[in-house]
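Asker: So I've got this file, upload02.txt, and it contains compact mmCIF, C-alpha atoms:
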```txt
# COMPACT_ATOMS: atom_id res chain seq x y z
CA MET A 28 60.81 257.51 249.74
CA GLY A 29 58.61 259.77 247.63
CA ILE A 30 59.14 262.98 245.65
CA ARG A 31 57.63 266.37 246.38
CA PHE A 32 57.68 269.52 244.28
CA ASP A 33 56.92 272.56 246.42
CA ALA A 34 56.02 275.49 244.10
CA VAL A 35 59.02 274.70 241.86
CA THR A 36 59.67 277.26 239.14
CA VAL A 37 62.46 276.98 236.57
CA ALA A 38 63.35 279.78 234.18
CA TYR A 39 65.99 280.27 231.48
CA ASP A 40 66.92 283.87 230.66
CA GLY A 41 63.64 285.04 232.15
CA ASN A 42 61.58 282.49 230.20
CA VAL A 43 59.57 280.31 232.59
CA VAL A 44 59.72 276.65 231.52
CA LEU A 45 58.21 275.21 234.71
CA ASP A 46 55.69 277.34 236.56
CA ALA A 47 55.15 276.86 240.32
CA LEU A 48 54.76 273.08 240.19
CA ASP A 49 53.15 271.50 243.25
CA LEU A 50 53.13 267.72 242.96
CA THR A 51 53.72 264.74 245.27
CA VAL A 52 54.77 261.24 244.21
CA ALA A 53 54.05 258.74 246.97
CA PRO A 54 56.60 256.10 248.02
CA GLY A 55 56.34 253.17 245.60
CA GLU A 56 54.15 255.08 243.15
CA VAL A 57 54.63 255.36 239.39
CA MET A 58 53.82 258.92 238.34
CA ALA A 59 53.80 259.72 234.63
CA LEU A 60 54.45 263.28 233.51
CA LEU A 61 52.48 263.46 230.27
CA GLY A 62 52.45 266.35 227.85
CA PRO A 63 53.61 267.70 224.50
CA SER A 64 57.13 268.92 223.80
CA GLY A 65 57.90 272.08 225.73
CA SER A 66 55.28 271.43 228.40
CA GLY A 67 57.82 271.35 231.25
CA LYS A 68 57.79 267.64 232.02
CA THR A 69 61.48 266.95 231.33
CA THR A 70 62.45 270.12 233.20
CA ALA A 71 60.55 268.81 236.24
CA LEU A 72 62.43 265.51 236.06
CA ARG A 73 65.78 267.29 235.69
CA ALA A 74 64.96 269.40 238.74
CA VAL A 75 64.59 266.18 240.75
CA ALA A 76 67.84 264.83 239.31
CA GLY A 77 69.69 268.04 240.18
CA PHE A 78 70.58 268.97 236.61
CA VAL A 79 68.63 272.23 236.76
CA ARG A 80 68.26 274.57 239.71
CA PRO A 81 64.84 276.05 240.50
CA ALA A 82 64.48 279.82 240.39
CA SER A 83 62.11 279.36 243.32
CA GLY A 84 60.50 276.54 245.27
CA ARG A 85 61.99 273.39 246.79
CA VAL A 86 62.44 269.74 245.77
CA PHE A 87 62.15 267.00 248.41
CA LEU A 88 63.03 263.30 248.34
CA GLY A 89 61.10 261.90 251.24
CA ASP A 90 61.57 264.43 254.06
CA ARG A 91 64.96 265.54 252.74
CA ASP A 92 65.27 268.88 250.97
CA VAL A 93 67.63 268.14 248.06
CA THR A 94 67.25 271.43 246.20
CA ASP A 95 70.83 272.46 246.93
CA LEU A 96 72.43 269.02 246.65
CA PRO A 97 74.48 267.99 243.57
CA PRO A 98 73.12 265.06 241.52
CA HIS A 99 75.57 262.47 242.87
CA ARG A 100 74.41 263.07 246.44
CA ARG A 101 70.71 262.53 245.76
CA GLY A 102 70.84 258.72 245.47
CA ILE A 103 68.57 258.46 242.44
CA GLY A 104 68.66 256.25 239.36
CA MET A 105 68.02 257.77 235.95
CA VAL A 106 67.41 256.40 232.46
CA VAL A 107 67.36 258.74 229.47
CA GLN A 108 66.09 258.43 225.92
CA GLN A 109 69.42 257.71 224.22
CA TYR A 110 70.67 255.15 226.78
CA ALA A 111 74.04 256.97 227.36
CA LEU A 112 76.01 253.72 227.60
CA PHE A 113 79.80 253.83 227.40
CA PRO A 114 80.61 252.19 224.03
CA HIS A 115 84.10 251.04 225.04
CA MET A 116 82.83 249.23 228.17
CA ARG A 117 81.26 245.82 228.35
CA VAL A 118 77.69 245.54 229.64
CA GLU A 119 78.80 244.48 233.11
CA ASP A 120 81.16 247.45 233.39
CA ASN A 121 78.46 249.87 232.28
CA VAL A 122 76.16 248.53 234.98
CA ALA A 123 78.95 248.68 237.57
CA PHE A 124 79.87 252.29 236.79
CA GLY A 125 77.65 253.96 239.40
CA LEU A 126 78.64 251.44 242.06
CA LYS A 127 82.35 252.04 241.48
CA ALA A 128 81.77 255.80 241.71
CA ARG A 129 80.14 255.20 245.09
CA LYS A 130 83.15 253.13 246.26
CA VAL A 131 81.05 250.00 246.78
CA PRO A 132 83.26 246.97 247.68
CA ARG A 133 84.28 244.88 244.66
CA ALA A 134 82.55 241.69 245.81
CA GLU A 135 79.30 243.54 246.38
CA ILE A 136 79.59 245.18 242.95
CA ARG A 137 79.73 241.77 241.28
CA THR A 138 76.65 240.65 243.19
CA ARG A 139 74.64 243.76 242.45
CA VAL A 140 75.58 243.80 238.75
CA ALA A 141 74.51 240.19 238.33
CA GLU A 142 71.29 240.90 240.23
CA ALA A 143 70.43 243.96 238.10
CA LEU A 144 71.18 242.16 234.83
CA GLU A 145 69.06 239.17 235.80
CA MET A 146 66.22 241.46 236.82
CA THR A 147 66.23 243.08 233.36
CA GLY A 148 66.72 239.80 231.47
CA MET A 149 70.26 240.67 230.38
CA GLY A 150 72.27 238.21 232.47
CA ALA A 151 73.54 236.35 229.39
CA TYR A 152 74.92 239.55 227.82
CA ALA A 153 77.29 240.72 230.56
CA ARG A 154 80.43 240.37 228.42
CA ARG A 155 79.11 242.08 225.31
CA HIS A 156 79.69 245.65 224.21
CA PRO A 157 76.75 248.00 223.54
CA ARG A 158 77.35 247.86 219.77
CA GLU A 159 76.58 244.13 219.89
CA LEU A 160 73.11 244.75 221.34
CA SER A 161 69.78 245.78 219.85
CA GLY A 162 68.13 249.05 220.87
CA GLY A 163 65.82 247.26 223.28
CA GLN A 164 68.73 245.37 224.85
CA GLN A 165 70.70 248.59 225.27
CA GLN A 166 67.75 250.16 227.03
CA ARG A 167 67.55 247.18 229.39
CA VAL A 168 71.22 247.67 230.24
CA ALA A 169 70.59 251.36 230.95
CA ILE A 170 67.76 250.37 233.29
CA ALA A 171 69.97 247.73 234.96
CA ARG A 172 72.64 250.39 235.55
CA ALA A 173 70.07 252.64 237.22
CA LEU A 174 68.75 249.79 239.38
CA ALA A 175 72.18 248.53 240.45
CA ILE A 176 72.63 251.42 242.88
CA ARG A 177 69.34 250.37 244.52
CA PRO A 178 67.74 253.79 244.30
CA ASP A 179 64.67 254.82 246.24
CA VAL A 180 63.72 257.01 243.27
CA LEU A 181 63.96 256.06 239.59
CA LEU A 182 63.67 258.74 236.89
CA LEU A 183 62.76 257.65 233.36
CA ASP A 184 63.00 260.31 230.63
CA GLU A 185 61.13 259.06 227.53
CA PRO A 186 63.04 255.76 227.78
CA LEU A 187 61.12 254.02 224.98
CA SER A 188 60.80 256.77 222.37
CA ALA A 189 63.81 255.57 220.36
CA LEU A 190 62.39 252.03 220.02
CA ASP A 191 60.10 250.70 217.32
CA ALA A 192 56.48 249.86 218.14
CA GLN A 193 57.05 246.14 218.79
CA LEU A 194 60.04 246.75 221.06
CA ARG A 195 58.13 249.49 222.88
CA SER A 196 55.30 247.11 223.62
CA GLY A 197 57.71 244.50 224.99
CA MET A 198 59.57 247.04 227.12
CA LEU A 199 56.31 248.37 228.55
CA ALA A 200 55.54 244.88 229.79
CA GLU A 201 59.07 244.59 231.23
CA LEU A 202 58.80 247.93 233.05
CA ALA A 203 55.45 246.90 234.50
CA ARG A 204 57.02 243.65 235.73
CA LEU A 205 59.99 245.51 237.20
CA HIS A 206 57.68 247.77 239.15
CA ARG A 207 55.93 244.75 240.63
CA GLU A 208 59.31 243.41 241.73
CA LEU A 209 60.39 246.79 243.17
CA PRO A 210 57.26 247.95 244.99
CA ASP A 211 59.10 250.44 247.22
CA VAL A 212 60.80 252.40 244.42
CA SER A 213 59.10 255.68 243.43
CA ILE A 214 59.17 256.17 239.66
CA LEU A 215 58.80 259.47 237.82
CA TYR A 216 58.19 258.65 234.15
CA VAL A 217 58.32 261.38 231.49
CA THR A 218 56.50 260.65 228.24
CA HIS A 219 54.43 262.25 225.49
CA ASP A 220 52.89 258.84 224.68
CA GLN A 221 49.46 258.39 226.26
CA VAL A 222 49.56 254.60 225.86
CA GLU A 223 52.73 254.40 227.97
CA ALA A 224 51.19 256.63 230.62
CA LEU A 225 47.89 254.73 230.73
CA THR A 226 49.70 251.36 230.82
CA LEU A 227 52.33 252.04 233.47
CA ALA A 228 51.26 254.85 235.75
CA ASP A 229 49.42 254.73 239.03
CA ARG A 230 48.69 258.41 238.45
CA ILE A 231 49.26 260.80 235.55
CA ALA A 232 50.23 264.46 235.82
CA VAL A 233 49.21 266.25 232.62
CA MET A 234 51.51 269.15 231.72
CA ASP A 235 51.01 271.97 229.21
CA LYS A 236 52.83 275.26 228.67
CA ALA A 237 54.95 274.89 231.83
CA LYS A 238 51.95 274.27 234.05
CA LEU A 239 50.29 271.26 235.69
CA ARG A 240 46.86 270.96 234.09
CA ALA A 241 45.47 267.88 235.85
CA CYS A 242 46.53 264.97 238.02
CA GLY A 243 44.71 261.72 238.72
CA THR A 244 44.56 258.01 238.05
CA PRO A 245 44.46 256.95 234.40
CA ARG A 246 40.84 255.90 234.83
CA GLU A 247 39.87 259.26 236.38
CA LEU A 248 41.52 261.32 233.67
CA TYR A 249 40.14 259.14 230.89
CA ARG A 250 36.58 258.84 232.12
CA ALA A 251 36.16 262.23 233.80
CA PRO A 252 38.66 264.77 232.41
CA THR A 253 38.50 268.24 233.91
CA ASP A 254 39.27 270.32 230.82
CA GLU A 255 39.52 270.11 227.04
CA PHE A 256 43.30 269.77 226.92
CA THR A 257 43.32 266.80 229.31
CA ALA A 258 40.43 265.18 227.45
CA SER A 259 42.18 265.45 224.08
CA PHE A 260 45.65 264.49 225.32
CA VAL A 261 44.62 261.50 227.45
CA GLY A 262 42.97 259.14 225.01
CA GLY A 263 41.56 261.42 222.31
CA ALA A 264 38.01 262.75 222.37
CA ASN A 265 35.15 264.39 220.55
CA LEU A 266 34.89 267.90 221.99
CA LEU A 267 31.59 269.41 220.95
CA PRO A 268 30.62 273.02 221.72
CA VAL A 269 27.15 272.98 223.26
CA THR A 270 24.70 275.23 225.06
CA VAL A 271 23.32 274.07 228.40
CA GLY A 272 19.55 273.59 228.58
CA ALA A 273 17.13 272.69 231.36
CA THR A 274 17.43 268.90 230.87
CA GLY A 275 20.49 268.54 228.69
CA VAL A 276 22.47 270.39 226.03
CA ARG A 277 22.00 271.59 222.47
CA LEU A 278 24.43 271.04 219.59
CA GLY A 279 23.07 272.93 216.60
CA GLU A 280 19.56 271.55 216.14
CA ALA A 281 20.22 268.41 218.17
CA GLU A 282 18.90 268.12 221.73
CA LEU A 283 21.18 265.81 223.75
CA LYS A 284 20.80 264.34 227.20
CA ALA A 285 23.76 264.87 229.54
CA ASP A 286 24.53 265.46 233.18
CA THR A 287 24.49 269.25 233.52
CA ALA A 288 24.73 269.43 237.32
CA GLY A 289 26.38 272.69 238.35
CA ALA A 290 26.05 274.31 234.91
CA ALA A 291 23.82 277.33 234.39
CA VAL A 292 21.05 277.17 231.80
CA GLY A 293 22.16 279.08 228.73
CA ALA A 294 25.87 278.68 229.51
CA ARG A 295 28.27 277.56 226.83
CA ALA A 296 30.15 274.33 227.54
CA THR A 297 31.98 271.48 225.82
CA LEU A 298 30.60 267.97 225.63
CA CYS A 299 33.33 265.30 225.72
CA VAL A 300 32.57 261.87 224.22
CA ARG A 301 35.22 259.22 223.57
CA PRO A 302 35.13 257.89 219.97
CA HIS A 303 34.80 254.24 221.01
CA LEU A 304 31.60 255.10 222.89
CA VAL A 305 29.91 256.43 219.75
CA GLY A 306 27.72 253.94 217.87
CA LEU A 307 26.35 253.82 214.32
CA GLY A 308 22.59 253.86 213.78
CA GLU A 309 19.60 254.67 215.94
CA GLY A 310 19.93 255.14 219.69
CA PRO A 311 19.92 257.74 222.44
CA ASN A 312 21.53 261.13 221.76
CA ARG A 313 21.32 260.89 217.96
CA LEU A 314 23.56 262.97 215.71
CA THR A 315 22.95 262.96 211.96
CA GLY A 316 25.58 264.14 209.53
CA THR A 317 27.64 263.45 206.42
CA LEU A 318 30.44 260.87 206.33
CA SER A 319 33.55 262.82 205.30
CA GLU A 320 36.26 260.22 205.92
CA ILE A 321 36.60 256.56 206.86
CA GLN A 322 39.76 254.80 208.01
CA TRP A 323 40.22 251.05 208.28
CA ARG A 324 42.42 250.23 211.29
CA GLY A 325 42.39 246.45 211.22
CA ALA A 326 40.03 245.50 214.02
CA THR A 327 38.13 248.80 213.78
CA HIS A 328 36.89 251.45 211.40
CA ARG A 329 37.11 255.11 212.35
CA LEU A 330 34.35 257.24 210.88
CA TYR A 331 34.56 261.03 210.61
CA VAL A 332 31.11 262.58 210.34
CA GLU A 333 30.36 266.28 209.77
CA VAL A 334 27.52 267.32 212.10
CA ASP A 335 26.42 270.97 211.99
CA GLY A 336 29.93 272.06 211.07
CA HIS A 337 31.61 269.88 213.69
CA ARG A 338 33.65 266.74 213.05
CA VAL A 339 32.56 263.74 215.13
CA MET A 340 34.72 260.60 215.37
CA ALA A 341 33.33 257.11 215.91
CA ASP A 342 35.51 254.04 216.45
CA LEU A 343 33.55 250.93 215.48
CA ARG A 344 34.32 247.25 215.29
CA GLU A 345 35.34 246.41 211.73
CA LEU A 346 32.32 246.99 209.51
CA ARG A 347 31.49 244.35 206.91
CA ASP A 348 29.59 246.86 204.80
CA PRO A 349 30.77 250.38 205.73
CA PRO A 350 28.85 253.42 204.48
CA GLY A 351 30.28 255.42 201.59
CA LEU A 352 31.83 258.87 201.62
CA GLY A 353 29.15 261.53 201.36
CA ASP A 354 26.45 259.26 202.81
CA GLU A 355 24.16 260.60 205.50
CA VAL A 356 24.72 258.60 208.67
CA THR A 357 23.30 258.62 212.17
CA LEU A 358 25.49 258.27 215.25
CA HIS A 359 24.47 257.87 218.86
CA PHE A 360 25.96 257.73 222.35
CA ALA A 361 24.62 257.08 225.83
CA PRO A 362 24.03 260.11 228.09
CA ASP A 363 26.18 258.51 230.80
CA ASP A 364 29.12 258.29 228.37
CA ALA A 365 29.34 262.09 227.93
CA VAL A 366 31.18 264.49 230.24
CA LEU A 367 30.37 268.21 230.36
CA LEU A 368 33.47 270.42 230.49
CA PRO A 369 33.96 274.19 230.77
CA ALA A 370 33.99 275.89 227.40
CA GLY A 371 37.51 276.11 226.00
CA VAL A 372 39.33 279.08 224.49
CA GLY A 373 37.83 279.95 221.12
CA HIS A 374 34.51 278.27 221.91
CA ASP A 375 31.86 279.47 219.49
```
Can you present the structure in this file as structure tokens?

Answerer:
Amino acid sequence: MGIRFDAVTVAYDGNVVLDALDLTVAPGEVMALLGPSGSGKTTALRAVAGFVRPASGRVFLGDRDVTDLPPHRRGIGMVVQQYALFPHMRVEDNVAFGLKARKVPRAEIRTRVAEALEMTGMGAYARRHPRELSGGQQQRVAIARALAIRPDVLLLDEPLSALDAQLRSGMLAELARLHRELPDVSILYVTHDQVEALTLADRIAVMDKAKLRACGTPRELYRAPTDEFTASFVGGANLLPVTVGATGVRLGEAELKADTAGAAVGARATLCVRPHLVGLGEGPNRLTGTLSEIQWRGATHRLYVEVDGHRVMADLRELRDPPGLGDEVTLHFAPDDAVLLPAGVGHD
């Protein structure tokens, strides 16, 4: 069973917070809704859950129009950021809560609770209370509770944002494993963390200012973004304002080779280059500028170089003898590693 948004608009007091969203999540697919705070991603998820009612448009689960159904009749599982476990209940009772509400027979409840706890690695903690668990363990219990009802659709609303970096990494691996074990469950995953989206999602829907900006596989959006916002939000990028020439583009005094198919000579555009694809020293598409900042990041150095008034980032393997601040340095990148985008708002 998949999810389909058919021109779904949500507004509060006349303020549109989700604007005519058209989006389909295929059965068994993990779709990440990625965007900054206020972009509409959580509103979209809540519209699927039934917690907000669209001002217009329809929400479908499979072929069933659920727009007018209350949450408890939609048959979905949901995990939120703050876990929402009942503190006075043991783990097993928290996981059983949705099953009891659905009047599932007692013997089947015991089986399903044990199954869900084992699936999330929490089988040994059934008799504990939430206060006796770590944040990561509590989140596993919340996921087990959502899975116990055997939903066709699982909604995850920033489920890892309250965890520290190490726990987040471990839970990402667990969620990826769970998806492999539940290949028929459609998952809608809300996050503002690009690493989570790139790691887990089959496709990513990029949201901004209540609108869907782009949708595609992580590889598509990373390697061939369609606009500046998507390029900067999915992976980070150098976005350089250029003028299209006959065989490439111009940035200040620099002539750069790039694929300009479909762009008119003389048009303004934006050249997108990922920082890890920028090298130090001589090579194709040379840019010379002044080193304004250098950051050591363990395995890499990030260089910030001022080129004709524009800041260019280069992520390099740890340098044994890095250049000094104020030094003139030369960067380069391959023509095939650059993507030409439409000029953004405020393009000079």

Asker: Got a sec: who's within 10 Å of Glu280 of chain A, counting only C-alpha atoms, leaving out chain neighbours fewer than 5 positions off, as a ChimeraX atom specification?

Answerer: /A:314,334-335

Asker: Near Ala111 of chain A, within 9 Å and counting all atoms listed in the file, which residues show up once chain neighbours fewer than 4 positions away are dropped, as a CSV table (one decimal) with C-alpha atoms, in the coordinates of the input?

Answerer:
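Just written: part.csv:
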```csv
chain,number,residue,atom,x,y,z
A,106,VAL,CA,67.4,256.4,232.5
A,107,VAL,CA,67.4,258.7,229.5
A,169,ALA,CA,70.6,251.4,231.0
```

Asker: Return the single residue from A:Leu239, A:Leu225, A:Ala251, A:Ala290 that is closest to Val271 of chain A, with distances computed using only C-alpha atoms.

Answerer: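 Selected residue with least distance to Val271 of chain A: A:Ala290.
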
Asker: Listing only residues of segment 224-255 of chain A within 8 Å of segment 366-370 of chain A, what is the closest atom pair and its distance in Å (to one decimal) for each, using only C-alpha atoms, sorted by chain and residue number ascending, as a tab-separated table?

Answerer:
```
residue	atom	partner	partner_atom	distance
A:Ala251	CA	A:Val366	CA	6.5
A:Pro252	CA	A:Val366	CA	7.8
A:Thr253	CA	A:Leu368	CA	6.5
A:Asp254	CA	A:Leu368	CA	5.8
A:Glu255	CA	A:Leu368	CA	7.0
```

Asker: For atom CA of Ala224 of chain A and atom CA of Leu199 of chain A, determine how far apart the two atoms are, in Å to one decimal place.

Answerer: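 If I compute the distance from atom CA of Ala224 of chain A to atom CA of Leu199 of chain A, I get 9.9 Å.
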
Asker: From the list A:Gln108, A:Asp235, A:Leu215, A:Arg101, which residue is nearest Ser188 of chain A when using all atoms listed in the file?

Answerer: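 Of A:Gln108, A:Asp235, A:Leu215, A:Arg101, the one nearest Ser188 of chain A is A:Gln108, counting all atoms listed in the file.
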
Asker: Determine, counting all atoms listed in the file, which protein, DNA and RNA residues have an atom within 10 Å of an atom of segment 337-350 of chain A; residues of the same chain fewer than 4 positions away are not included. Present the result as a compact mmCIF listing (two decimals) with C-alpha atoms, in the coordinates of the input.

Answerer:
```
# COMPACT_ATOMS: atom_id res chain seq x y z
CA GLY A 263 41.56 261.42 222.31
CA ALA A 264 38.01 262.75 222.37
CA ASN A 265 35.15 264.39 220.55
CA LEU A 266 34.89 267.90 221.99
CA LEU A 267 31.59 269.41 220.95
CA PRO A 268 30.62 273.02 221.72
CA LEU A 278 24.43 271.04 219.59
CA GLY A 279 23.07 272.93 216.60
CA VAL A 300 32.57 261.87 224.22
CA ARG A 301 35.22 259.22 223.57
CA PRO A 302 35.13 257.89 219.97
CA HIS A 303 34.80 254.24 221.01
CA LEU A 304 31.60 255.10 222.89
CA VAL A 305 29.91 256.43 219.75
CA GLY A 306 27.72 253.94 217.87
CA LEU A 307 26.35 253.82 214.32
CA LEU A 314 23.56 262.97 215.71
CA GLY A 316 25.58 264.14 209.53
CA THR A 317 27.64 263.45 206.42
CA LEU A 318 30.44 260.87 206.33
CA SER A 319 33.55 262.82 205.30
CA GLU A 320 36.26 260.22 205.92
CA ILE A 321 36.60 256.56 206.86
CA GLN A 322 39.76 254.80 208.01
CA TRP A 323 40.22 251.05 208.28
CA ARG A 324 42.42 250.23 211.29
CA GLY A 325 42.39 246.45 211.22
CA ALA A 326 40.03 245.50 214.02
CA THR A 327 38.13 248.80 213.78
CA HIS A 328 36.89 251.45 211.40
CA ARG A 329 37.11 255.11 212.35
CA LEU A 330 34.35 257.24 210.88
CA TYR A 331 34.56 261.03 210.61
CA VAL A 332 31.11 262.58 210.34
CA GLU A 333 30.36 266.28 209.77
CA ASP A 354 26.45 259.26 202.81
CA GLU A 355 24.16 260.60 205.50
CA VAL A 356 24.72 258.60 208.67
CA LEU A 358 25.49 258.27 215.25
CA HIS A 359 24.47 257.87 218.86
CA PHE A 360 25.96 257.73 222.35
```

Asker: Provide the atom CA of Ala281 of chain A to atom CA of Gly310 of chain A distance in Å, to one decimal place.

Answerer: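 Between atom CA of Ala281 of chain A and atom CA of Gly310 of chain A the gap works out to 13.4 Å.
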
Asker: With only C-alpha atoms as the counted atoms, please give the residues lying no more than 12 Å from segment 153-157 of chain A, apart from itself and same-chain residues fewer than 5 positions off, as a ChimeraX atom specification.

Answerer: /A:110-123,137,140-145,147-148,162-169,171-172

Asker: Go through A:Leu352, A:Ala365, A:Ile136, A:Val35 one by one, measure the shortest atom-to-atom distance of each to Val276 of chain A using all atoms listed in the file, and give the residue with the smallest value.

Answerer: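 Closest residue, counting all atoms listed in the file: A:Ala365.
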
Asker: Please determine, counting all atoms listed in the file, which residue among A:Gly336, A:Arg313, A:Ile103, A:Val44 has the shortest atom-to-atom distance to Thr357 of chain A.

Answerer: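 Nearest to Thr357 of chain A: A:Arg313.
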
Asker: With distances taken over all atoms listed in the file, which of A:Arg295, A:Lys284, A:Arg31, A:Arg204 is nearest to Gly89 of chain A?

Answerer: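 The shortest atom-to-atom distance to Gly89 of chain A comes from A:Arg31.
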